[in-house]
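Engineer: Please find one structure pasted underneath; my questions will follow.
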Amino acid sequence: QRTPYDKSAIMNRASTLEAVRGAAAGYAVVIQDVRGRFSSEGTFNTFVNESDDGYQSVEWVASQPWCDGKVGMYGVSYVGATQWLAAKSKPPSLVAIAPGVTASDYHEGWAWQGGAFELGFNLSWSYGALAAGNWAHLVKELGTPPISLDQLIAAKDDMNKGFRHLPMNNLPDLKGGIAPYYYDWLSHPEYDDYWKNVCIEEAHQDIGIPSFNFGGWYDIFLGGTINNYLMMRENGRTANARNGQRLLIGPWIHGGLPLNVSGEYNFGTRSNAAALDLGGLILRYYDHWLKGEDNGVADEKPVQIFVMGSNVWRYEDEWPLSRAQNTDFYLHSDGKANTLNGDGFLSVDSPGNESPDSFLYNPLDPVPTVGGPLCCDPAFMASGVYDQRRVETRSDVLVYSTSALERDTEVTGPVKLTLYASSSAIDTDFTAKLVDVAPDGYARNLTEGIIRARYRVPRKAASLIQPGEVYQYTIDLWATSNVFKKGHQIRLEISSSNFPRFDRNTNNGEPIGSAADFIAALQTVLHNNQYPSSL
């Protein structure tokens, strides 16, 4: 395990694969601080050194007299990134990896999503685990840091102030070498060489080892977990790499040893990673690939998912499920879909000649983040399931719901929104959220997404929009597996902000990091014969 989070910390010895258990199972377990972190010398810079350093570290382990020459890696989040980035460099002794809750692209789905800056994650991660957590090393490296640890912790404890600081690239707390990478992320909003050089998706065809991928429906890196599985299954360099991929997804938030409680919702004891024995599953996987044991791993179905609503685990032959039927739910209203008390509704019937819905997006009063796939400070952004009615009462949230379902309806697979909309601004955001509404009104969030108008075409340079012109936007809500029970409703929320998870669009087209002034935007969502917006 190559970690930026202190090899001496108990969380790194006792997370998904407990170190003593691994040793008792016959493995030598090595935990290393990555470059520039805790007891390792040098300067830490997210991602850029992990391929070469990972290669050297794996081959050093393989050269030791207690090693038989076969090395596996394990760990979650950034420790999943250190595995993929090491695999990208193709060390000959690396035989398999077990990356959990991690990404496939450190631009889209890590620092940015849909063109929006992952403000909540980026800032809380930088303040906390990356800067304050590594303070002793920073003092040694920098001499006298520009602020004291007490000042940094005070800023961390007043993070709402940091979230609202403008311009974002002028936030003083992380300057002076404390977390320079935060400003690097901000200065590279597009997929340029900065991101391409470390992107795992660019290297799947070169990676020839199997991987045990696990993630959570409420994890901030769910999209990357799925993409790593799919792209390695399709493009891995060897047959072992393609056939040896595994995907496991629970109803989990971001973390090392997932629990059965996600936010304020209990998915049941069997959903707990300990009840599942996630560490045992990884060891069994490694017994096959590292020890060569014929233990049935090669013959098992490759996908295991937790189906929410029914709250059961299920094995599958593939992802997405071949038996699933892609189904469009069209947006409808008489032009007053604002709030949960409006007239918006969803159905499989195509729209007719219907009035559009509109709302005013004011960046000074953004729609607050309420649960969802978040990281890394629950004091400011609690992850997982929370009742969404507190945001659905806002006039800047459009709400579309089906009628009460007449039978249990399972939704398992990718989710996206095709949205036809216009804005009075030259740049703006549109957000979407899929919700399961119980008969008592409890609105359980499932998955969500965002699109920034200037980046409406993925992987293309920014292109501002014409005010009043209708554009088609595709919002990727990643995926879910949920049974909407009889009597429940399928609900879609549409707005233009989800703050502080994502930065607020200033609507004026200025460079994202240096924008300092806001204007309000009048948003119009269309759903008619010509513009059939659909989920």
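Residue numbers start at 1 in each chain; chains themselves are named A, B, ... in the order of the structure tokens; ligands are numbered from 1 in the order shown.
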Report as a ChimeraX atom specification: the residues of range 156-310 of chain A with a DSSP assignment of helix (DSSP H, G or I), based on the backbone of this structure.
Structural biologist: /A:156-157,159-164,168-170,180-186,193-196,204-206,222-235,239-243,269-271,273-276,278-289,297-299
Engineer: Which residues come within 7 Å of Arg37 in chain A, counting only C-alpha atoms, excluding same-chain residues fewer than 5 positions away, as a list in words?
Structural biologist: Pro4, Phe44, Asn134 and His137 of chain A
Engineer: For range 139-142 of chain A, please output as a list in words all residues within 10 Å (counting only C-alpha atoms; exclusion window: fewer than 2 positions along the same chain).
Structural biologist: Gly36, Glu41, Gly42, Thr43, Asn134, Trp135, Ala136, His137, Thr144, Pro145, Pro146, Ser148, Leu149, Gly176, Gly177 and Ile178 of chain A
Engineer: Would you mind telling me which residue in A:Trp478, A:Tyr5, A:Tyr442, A:Tyr330 lies nearest to Arg390 in chain A when using only C-alpha atoms?
Structural biologist: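 Nearest candidate to Arg390 in chain A out of A:Trp478, A:Tyr5, A:Tyr442, A:Tyr330: A:Tyr442.
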Engineer: Show which residues sit within 6 Å of range 99-115 of chain A, as a PDB file with N, CA and C atoms, in the first residue's frame. Count only C-alpha atoms, and ignore same-chain residues fewer than 4 positions away.
Structural biologist:
```pdb
ATOM      1  N   TYR A  74      -3.095  -2.750  -2.675  1.00  0.00           N
ATOM      2  CA  TYR A  74      -4.446  -2.603  -2.138  1.00  0.00           C
ATOM      3  C   TYR A  74      -4.600  -1.221  -1.523  1.00  0.00           C
ATOM      4  N   GLY A  75      -5.859  -0.836  -1.245  1.00  0.00           N
ATOM      5  CA  GLY A  75      -6.145   0.438  -0.601  1.00  0.00           C
ATOM      6  C   GLY A  75      -7.229   1.205  -1.341  1.00  0.00           C
ATOM      7  N   VAL A  76      -7.662   2.298  -0.737  1.00  0.00           N
ATOM      8  CA  VAL A  76      -8.827   3.033  -1.246  1.00  0.00           C
ATOM      9  C   VAL A  76      -8.493   4.500  -1.523  1.00  0.00           C
ATOM     10  N   SER A  77      -9.327   5.110  -2.358  1.00  0.00           N
ATOM     11  CA  SER A  77      -9.287   6.541  -2.658  1.00  0.00           C
ATOM     12  C   SER A  77      -7.961   6.899  -3.332  1.00  0.00           C
ATOM     13  N   GLY A  80      -6.048   4.039  -3.997  1.00  0.00           N
ATOM     14  CA  GLY A  80      -6.435   3.370  -5.227  1.00  0.00           C
ATOM     15  C   GLY A  80      -5.753   3.988  -6.431  1.00  0.00           C
ATOM     16  N   TRP A 195      -3.608  16.806 -17.189  1.00  0.00           N
ATOM     17  CA  TRP A 195      -4.454  15.686 -16.781  1.00  0.00           C
ATOM     18  C   TRP A 195      -4.192  14.440 -17.622  1.00  0.00           C
ATOM     19  N   CYS A 199      -3.866  10.289 -16.651  1.00  0.00           N
ATOM     20  CA  CYS A 199      -5.191   9.694 -16.807  1.00  0.00           C
ATOM     21  C   CYS A 199      -5.095   8.175 -16.972  1.00  0.00           C
ATOM     22  N   ILE A 200      -5.849   7.446 -16.165  1.00  0.00           N
ATOM     23  CA  ILE A 200      -5.847   5.986 -16.266  1.00  0.00           C
ATOM     24  C   ILE A 200      -6.566   5.536 -17.527  1.00  0.00           C
ATOM     25  N   GLU A 201      -7.618   6.233 -17.926  1.00  0.00           N
ATOM     26  CA  GLU A 201      -8.371   5.833 -19.106  1.00  0.00           C
ATOM     27  C   GLU A 201      -7.519   5.860 -20.376  1.00  0.00           C
ATOM     28  N   ASN A 213     -12.185  -4.200  -8.315  1.00  0.00           N
ATOM     29  CA  ASN A 213     -12.677  -2.826  -8.181  1.00  0.00           C
ATOM     30  C   ASN A 213     -13.895  -2.816  -7.273  1.00  0.00           C
ATOM     31  N   PHE A 214     -13.861  -1.992  -6.240  1.00  0.00           N
ATOM     32  CA  PHE A 214     -15.054  -1.878  -5.404  1.00  0.00           C
ATOM     33  C   PHE A 214     -15.359  -0.410  -5.121  1.00  0.00           C
ATOM     34  N   GLY A 215     -16.663  -0.121  -5.003  1.00  0.00           N
ATOM     35  CA  GLY A 215     -17.086   1.262  -4.817  1.00  0.00           C
ATOM     36  C   GLY A 215     -18.438   1.319  -4.141  1.00  0.00           C
ATOM     37  N   PHE A 221     -16.387   8.847  -6.230  1.00  0.00           N
ATOM     38  CA  PHE A 221     -15.660   8.333  -7.394  1.00  0.00           C
ATOM     39  C   PHE A 221     -16.364   7.135  -8.042  1.00  0.00           C
ATOM     40  N   GLY A 224     -15.740   6.585 -11.812  1.00  0.00           N
ATOM     41  CA  GLY A 224     -14.426   6.050 -12.147  1.00  0.00           C
ATOM     42  C   GLY A 224     -14.282   4.583 -11.817  1.00  0.00           C
ATOM     43  N   THR A 225     -14.874   4.155 -10.711  1.00  0.00           N
ATOM     44  CA  THR A 225     -14.842   2.734 -10.353  1.00  0.00           C
ATOM     45  C   THR A 225     -15.466   1.896 -11.455  1.00  0.00           C
ATOM     46  N   ASN A 228     -13.256   2.049 -14.756  1.00  0.00           N
ATOM     47  CA  ASN A 228     -12.068   1.198 -14.701  1.00  0.00           C
ATOM     48  C   ASN A 228     -12.430  -0.250 -14.989  1.00  0.00           C
ATOM     49  N   ILE A 450     -24.087  17.140 -12.993  1.00  0.00           N
ATOM     50  CA  ILE A 450     -24.043  18.559 -13.329  1.00  0.00           C
ATOM     51  C   ILE A 450     -23.440  18.720 -14.720  1.00  0.00           C
ATOM     52  N   ILE A 451     -23.799  19.802 -15.406  1.00  0.00           N
ATOM     53  CA  ILE A 451     -23.139  20.178 -16.656  1.00  0.00           C
ATOM     54  C   ILE A 451     -22.934  21.678 -16.654  1.00  0.00           C
ATOM     55  N   ARG A 452     -21.747  22.106 -17.028  1.00  0.00           N
ATOM     56  CA  ARG A 452     -21.433  23.533 -17.202  1.00  0.00           C
ATOM     57  C   ARG A 452     -21.592  23.859 -18.681  1.00  0.00           C
ATOM     58  N   TYR A 455     -18.788  23.866 -21.151  1.00  0.00           N
ATOM     59  CA  TYR A 455     -18.174  22.553 -21.375  1.00  0.00           C
ATOM     60  C   TYR A 455     -19.236  21.494 -21.689  1.00  0.00           C
TER      61      TYR A 455
END
```
Engineer: Determine the nearest neighbour of Asp68 in chain A from the options A:Phe47, A:Phe380, A:Tyr27, A:Trp319, counting only C-alpha atoms.
Structural biologist: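 Of the candidates, the smallest distance to Asp68 in chain A is held by A:Tyr27.
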Engineer: Report, in Å with one decimal, the straight-line distance from CA of Ala86 in chain A to CA of Ser63 in chain A.
Structural biologist: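 Separation between CA of Ala86 in chain A and CA of Ser63 in chain A: 16.6 Å.
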Engineer: Smallest atom-to-atom distance to Phe212 in chain A: which of A:Ile97, A:Leu138, A:Val470, A:Leu257, using only C-alpha atoms?
Structural biologist: A:Ile97
Engineer: List the spatial neighbours of Gly268 in chain A as a short mmCIF file (atom, residue, chain, number, x, y, z; two decimals) with N, CA and C atoms, in the first residue's frame - criterion: any atom at most 12 Å away, only C-alpha atoms, same-chain residues fewer than 2 positions off excluded.
Structural biologist:
```
data_model
loop_
_atom_site.label_atom_id
_atom_site.label_comp_id
_atom_site.auth_asym_id
_atom_site.auth_seq_id
_atom_site.Cartn_x
_atom_site.Cartn_y
_atom_site.Cartn_z
N GLY A 250 -21.46 -1.38 -3.21
CA GLY A 250 -22.40 -1.40 -2.10
C GLY A 250 -23.11 -0.07 -1.96
N PRO A 251 -24.00 0.06 -1.00
CA PRO A 251 -24.75 1.31 -0.80
C PRO A 251 -23.95 2.29 0.06
N TRP A 252 -22.67 2.43 -0.28
CA TRP A 252 -21.69 3.02 0.62
C TRP A 252 -21.33 4.45 0.25
N LEU A 259 -19.86 1.18 6.17
CA LEU A 259 -20.86 0.72 7.12
C LEU A 259 -22.22 0.56 6.44
N ASN A 260 -23.18 0.03 7.19
CA ASN A 260 -24.52 -0.14 6.64
C ASN A 260 -25.34 1.14 6.69
N VAL A 261 -24.91 2.13 7.49
CA VAL A 261 -25.61 3.41 7.56
C VAL A 261 -24.96 4.38 6.59
N SER A 262 -25.78 4.91 5.69
CA SER A 262 -25.31 5.90 4.73
C SER A 262 -26.08 7.18 4.97
N TYR A 265 -29.71 6.91 6.63
CA TYR A 265 -30.48 5.76 6.17
C TYR A 265 -29.72 4.48 6.47
N ASN A 266 -30.41 3.49 7.01
CA ASN A 266 -29.83 2.20 7.34
C ASN A 266 -30.22 1.17 6.28
N ARG A 270 -26.52 -6.59 6.52
CA ARG A 270 -25.84 -7.34 5.46
C ARG A 270 -25.15 -6.44 4.44
N SER A 271 -25.48 -5.16 4.46
CA SER A 271 -24.82 -4.25 3.53
C SER A 271 -23.45 -3.79 4.02
N ASN A 272 -23.17 -4.04 5.28
CA ASN A 272 -21.91 -3.61 5.90
C ASN A 272 -20.73 -4.35 5.28
N ALA A 273 -19.63 -3.64 5.04
CA ALA A 273 -18.45 -4.27 4.45
C ALA A 273 -17.90 -5.37 5.35
N ALA A 275 -19.75 -7.32 7.37
CA ALA A 275 -20.63 -8.47 7.21
C ALA A 275 -20.36 -9.18 5.89
N LEU A 276 -20.03 -8.41 4.87
CA LEU A 276 -19.68 -8.97 3.57
C LEU A 276 -18.30 -9.63 3.60
N PHE A 306 -25.22 -4.26 -4.69
CA PHE A 306 -26.26 -4.18 -3.67
C PHE A 306 -27.43 -3.43 -4.29
N VAL A 307 -28.59 -4.09 -4.32
CA VAL A 307 -29.78 -3.49 -4.90
C VAL A 307 -30.55 -2.79 -3.80
N MET A 308 -30.51 -1.45 -3.81
CA MET A 308 -31.20 -0.68 -2.79
C MET A 308 -32.71 -0.78 -2.98
N GLY A 309 -33.44 -0.45 -1.96
CA GLY A 309 -34.88 -0.61 -2.02
C GLY A 309 -35.27 -2.01 -1.58
N SER A 310 -34.76 -3.02 -2.30
CA SER A 310 -34.91 -4.40 -1.85
C SER A 310 -33.87 -4.74 -0.79
N ASN A 311 -32.73 -4.01 -0.83
CA ASN A 311 -31.65 -4.17 0.15
C ASN A 311 -31.10 -5.59 0.18
N VAL A 312 -30.69 -6.06 -1.00
CA VAL A 312 -30.10 -7.38 -1.13
C VAL A 312 -28.86 -7.30 -2.03
N TRP A 313 -27.92 -8.23 -1.80
CA TRP A 313 -26.77 -8.39 -2.69
C TRP A 313 -27.15 -9.32 -3.84
#
```
Engineer: Can you tell me which residues surround Glu293 in chain A at a distance of at most 12 Å, considering only C-alpha atoms, apart from same-chain residues fewer than 6 positions away, and format the answer as a list in words?
Structural biologist: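 Everything that qualifies: Leu283, Arg284, Tyr285, Tyr286 and Asp287 of chain A.
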Engineer: Produce a file of the selected residues containing all heavy atoms, as an mmCIF file, in the first residue's frame.
Structural biologist:
```
data_model
loop_
_atom_site.group_PDB
_atom_site.id
_atom_site.type_symbol
_atom_site.label_atom_id
_atom_site.label_comp_id
_atom_site.auth_asym_id
_atom_site.auth_seq_id
_atom_site.Cartn_x
_atom_site.Cartn_y
_atom_site.Cartn_z
ATOM 1 N N LEU A 283 -8.525 -11.004 -0.028
ATOM 2 C CA LEU A 283 -7.514 -12.034 0.213
ATOM 3 C C LEU A 283 -7.766 -13.260 -0.664
ATOM 4 O O LEU A 283 -6.829 -13.857 -1.215
ATOM 5 C CB LEU A 283 -7.518 -12.425 1.690
ATOM 6 C CG LEU A 283 -6.796 -11.476 2.640
ATOM 7 C CD1 LEU A 283 -7.002 -11.912 4.082
ATOM 8 C CD2 LEU A 283 -5.308 -11.400 2.314
ATOM 9 N N ARG A 284 -9.012 -13.646 -0.794
ATOM 10 C CA ARG A 284 -9.345 -14.799 -1.633
ATOM 11 C C ARG A 284 -8.985 -14.515 -3.094
ATOM 12 O O ARG A 284 -8.483 -15.401 -3.808
ATOM 13 C CB ARG A 284 -10.830 -15.107 -1.496
ATOM 14 C CG ARG A 284 -11.286 -16.360 -2.201
ATOM 15 C CD ARG A 284 -12.683 -16.773 -1.730
ATOM 16 N NE ARG A 284 -13.224 -17.840 -2.556
ATOM 17 C CZ ARG A 284 -13.966 -17.642 -3.649
ATOM 18 N NH1 ARG A 284 -14.273 -16.395 -4.012
ATOM 19 N NH2 ARG A 284 -14.417 -18.650 -4.361
ATOM 20 N N TYR A 285 -9.236 -13.294 -3.525
ATOM 21 C CA TYR A 285 -8.861 -12.869 -4.873
ATOM 22 C C TYR A 285 -7.353 -12.989 -5.049
ATOM 23 O O TYR A 285 -6.863 -13.504 -6.070
ATOM 24 C CB TYR A 285 -9.325 -11.432 -5.083
ATOM 25 C CG TYR A 285 -9.153 -10.862 -6.465
ATOM 26 C CD1 TYR A 285 -10.020 -11.187 -7.496
ATOM 27 C CD2 TYR A 285 -8.134 -9.954 -6.727
ATOM 28 C CE1 TYR A 285 -9.885 -10.635 -8.760
ATOM 29 C CE2 TYR A 285 -7.983 -9.386 -7.993
ATOM 30 C CZ TYR A 285 -8.857 -9.728 -9.007
ATOM 31 O OH TYR A 285 -8.712 -9.167 -10.247
ATOM 32 N N TYR A 286 -6.594 -12.545 -4.042
ATOM 33 C CA TYR A 286 -5.135 -12.618 -4.127
ATOM 34 C C TYR A 286 -4.611 -14.035 -3.966
ATOM 35 O O TYR A 286 -3.563 -14.390 -4.523
ATOM 36 C CB TYR A 286 -4.511 -11.672 -3.099
ATOM 37 C CG TYR A 286 -4.426 -10.250 -3.615
ATOM 38 C CD1 TYR A 286 -4.700 -9.170 -2.812
ATOM 39 C CD2 TYR A 286 -4.080 -10.027 -4.938
ATOM 40 C CE1 TYR A 286 -4.633 -7.881 -3.302
ATOM 41 C CE2 TYR A 286 -4.007 -8.742 -5.439
ATOM 42 C CZ TYR A 286 -4.291 -7.676 -4.624
ATOM 43 O OH TYR A 286 -4.221 -6.406 -5.124
ATOM 44 N N ASP A 287 -5.322 -14.880 -3.199
ATOM 45 C CA ASP A 287 -4.906 -16.280 -3.113
ATOM 46 C C ASP A 287 -4.901 -16.923 -4.502
ATOM 47 O O ASP A 287 -4.053 -17.769 -4.800
ATOM 48 C CB ASP A 287 -5.855 -17.061 -2.188
ATOM 49 C CG ASP A 287 -5.660 -16.727 -0.723
ATOM 50 O OD1 ASP A 287 -4.615 -16.137 -0.377
ATOM 51 O OD2 ASP A 287 -6.552 -17.044 0.090
#
```
Engineer: Please determine, counting only C-alpha atoms, which residue among A:Ile147, A:Val397, A:Leu171, A:Met381 has the shortest atom-to-atom distance to Ser124 in chain A.
Structural biologist: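 Using only C-alpha atoms, Ser124 in chain A sits closest to A:Met381.
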